[in-house]
Amino acid sequence: MSFNHQEIENKWQAYWEENKTFKTDTYSKKEKVYALDMFPYPSGAGLHVGHPEGYTATDIFSRMKRMQGYEVLHPMGWDAFGLPAEQYAIDTGNSPAAFTEHNIATFKRQIQELGLSYDWDREINTTDPNYYKWTQWIFTKLYEKGLAYMDEVAVNWCPALGTVLANEEVIDGKSERGGHPVVRKPMKQWMLKITAYADRLLEDLEEVDWPESIKDMQRNWIGRSEGAEVTFTIDEHDEEFTVFTTRPDTLFGATYAVLAPEHPFVEKIVTPAQKNAVEVYLDEVQTKSDLERTDLAKDKTGVFTGTYAINPVNNAKMPIWVADYVLMSYGSGAIMAVPAHDERDYEFATKFELPIKEVVAGGDISKEAYVGEGKHVHSDFLDGLGTDDAITKMIEWLETNGCGERKVTYRLRDWLFARQRYWGEPIPIIHWEDGTTTAVPEEELPLELPVMTEIKPSGTGESPLANNSEWVNMTDPNTGMKGRRETSTMPQWAGSCWYFLRFIDPDNPEQLADPKALEEWLPVDIYIGGAEHAVLHLLYARFWHKFLYDIGVVPTKEPFMKLYNQGMILGEGNEKMSKSKGNVVNPDDIIASHGADTLRLYEMFMGPLDAAVAWSTNGLDGARRFLDRVWRLIINDDTLSDKVVDDGNTSLDKVYNETVKKVTEDFEHLHFNTGISQMMVFVNEGNKADKLPKDYIEGFVKMLSPVAPHLSEELWDRLGHPETISYEPWPTFDESKLVEDEVEIVVQIMGKVRSKINVAKDISKEELEKQALADEKIQKLTNGRTIRKVIVVPGKLVNIVAN
């Protein structure tokens, strides 16, 4: 006998919606838990089976915490601005707003059919002006504090499309759409000064419970380096340039310098004889992305400028080259090359036959660069010193001689915050005809995105908003000065930087959120999502949160206390699911055939939550069979089984209490697969029993309810409880019932194990000896032999010494 999952799931989903079962009391007196999902971008494809894995994990945790007496905040919303909707609008002529609205409706239906216990009264949408009003408000605060500014940076410009492209839209120097040539060119862009928070973003990683691998990714992205900034003069020119190096001790080994192709000095210092070669090279490299340019495996390219720099420590002339492996966006856009002790410089010097000078002993520089430590050689006043001492002494020399200083730098760059797109939050800035800029006054926020029926590139590099002259052009009513609204929009990251704050107080028209509510709920207790957001989303969200902390908006330095990355669900052949492979599993199909509870149970039982696991139809079938067994254990002929009694079988005492203990501990630590496994053990033992104590069955259904909530609500109702199971007290275990009444004793003859017997735990030594000798196997083996001695070790073994 199987249960009707469609009937049961429809019934309880309607009940939860009608009764607002999972509504959160913001100012509850209970202890609070905030469980957060990385909210999804509502794509046209809808949910895939990877989404429910993380959502189910937070849902199980949330449901258990409610039953343990906590007030739980478990919300859901939509990260709905972004490129795919705009691309759809350009390709089809339809509205990105309507496309997004349709996708959200699909996602919401699918999520509700999974039985996820969200408080839908807190639903947010980043494209809602009532939401992005506060995204714009945060931007204006950053602007007021000097942390939002305009700078000229290199962008991907596609002349044929008349627009700036994101890095991911450029493939091999051509636009993903249309295959048109793309070049790098400087353009004024809005930037956020995240580098001002670099040290705090590093230091405060020690305060959060995150996987060490994720912390390391953040540390590497920030890339704090200690070293020196060295100033090089240019021979026969008035200019000088600076280089940052972590190894100033190798300065005597610097034999050439390299400038990035975008460096402003390139055009100034190139000699007439080299001018044509340099121009040709600059044309070649301007189509390459930063990723292509810094690929360690690529062939090194470059061109000599014809000019020399002067090495400050020995006045040696160093040829200045231009090479694309140096980026203007990193450091000063210039490097000193020490080919004997840097692999990349060694490859370049070898290719272009540049000098390679050893200054650290320990390798064979005729074969490869030596990057290890050692005693300094050919280094004048550093000779004989080890690396650390040589670095210290060289920095002292540079500072004394006025050609360098100690310096800390970061790999982290300021955040390019502008997108030349329509479908995004308008940046609330006005550019006035006198060259000044001001933020849109707070009382005029939100600056709403105008409805546009035709979204096409402006052709100037600005966003399609530039085509809407009525929206762009304005006049100051007080001064009569003419101005233009900023036409760039914010990146998709913007809305996801702070959404967890708005969930706390989503309908507040006066503030981002009530400070008292923020004090009650922050930081987020547990945040679950995919590892693809391990760096940028988390870094940007931490940056904004720290800024909001500094201006007194939020009460905590960090937003997310515990982070957990779910693993990936692969296709049946252990390949990543994709449309092209035809192995994508649609959760709608599974819910129809097996039920939402089965899908939830299966995804949690597949393996550890953080592991990559392949989908298995057999495994899914097995999950459904287990739920059918649970149903049959409790329900017989559509009524409560006669086996369920008010007083009954004490043989289940141990397995029930073991199950409560293990499931509670495992769910607490997100080890859902092992907790479910223990519930299967209980069901197996229950099927063997003649009678099932009702309180044990009720406790079991409570433990099952976070995983399979629809079935559990139905069983709870059949067990005689008209109220939802969602707030019933979580089961507790009796420690005394976990203690074994019996122990297994090994019986040996002359040191060899011959039998095993079960005896009372508190048996006396005399009685234990008697039972061992009375064992049938032992009697047969000692028949006719003289027993000289019996050694008894209580609780462990009996050893019989016999002739």
# chains A, B, ... in the order shown; residues from 1 in each chain; ligands from 1
$ select_by_dssp --residues "range 188-322 of chain A" --states "strand (DSSP E)" --output "number ranges by chain"
A: 188-192, 224-234, 240-245, 256-259, 303-310, 317-322
$ residues_around --residues "range 528-536 of chain A" --least-positions-apart "5" --cutoff "8 Å" --atoms "only C-alpha atoms" --output "PyMOL selection string"
chain A and resi 36-38+54-55+57-58+214+217-218+221+563-568
$ residues_around --residues "Lys367 in chain A" --least-positions-apart "5" --cutoff "12 Å" --atoms "only C-alpha atoms" --output "list in words"
Pro339, Ala340, His341, Glu343, Tyr346, Glu347, Thr350 and Ile356 of chain A
$ write_last_selection --atoms "C-alpha atoms" --output "short mmCIF file (atom, residue, chain, number, x, y, z; two decimals), in the first residue's frame"
data_model
loop_
_atom_site.label_atom_id
_atom_site.label_comp_id
_atom_site.auth_asym_id
_atom_site.auth_seq_id
_atom_site.Cartn_x
_atom_site.Cartn_y
_atom_site.Cartn_z
CA PRO A 339 64.82 36.73 -14.82
CA ALA A 340 67.24 34.63 -12.76
CA HIS A 341 64.68 34.41 -9.95
CA GLU A 343 59.83 32.02 -13.90
CA TYR A 346 63.01 33.95 -17.17
CA GLU A 347 60.81 32.76 -20.06
CA THR A 350 65.20 33.62 -22.71
CA ILE A 356 69.98 36.84 -16.74
#
$ closest_residue --among "A:Asp666, A:Val630, A:Phe244, A:Arg718" --to "Val681 in chain A" --atoms "only C-alpha atoms"
A:Val630
$ residues_around --residues "Lys662 in chain A" --least-positions-apart "4" --cutoff "8 Å" --atoms "only C-alpha atoms" --output "number ranges by chain"
A: 658, 666, 675, 678
$ closest_residue --among "A:Tyr197, A:Trp432, A:Phe667, A:Trp423" --to "Ala85 in chain A" --atoms "only C-alpha atoms"
A:Trp423
$ closest_residue --among "A:Ile725, A:Val371, A:Ile320, A:Ile787" --to "Met67 in chain A" --atoms "only C-alpha atoms"
A:Ile725
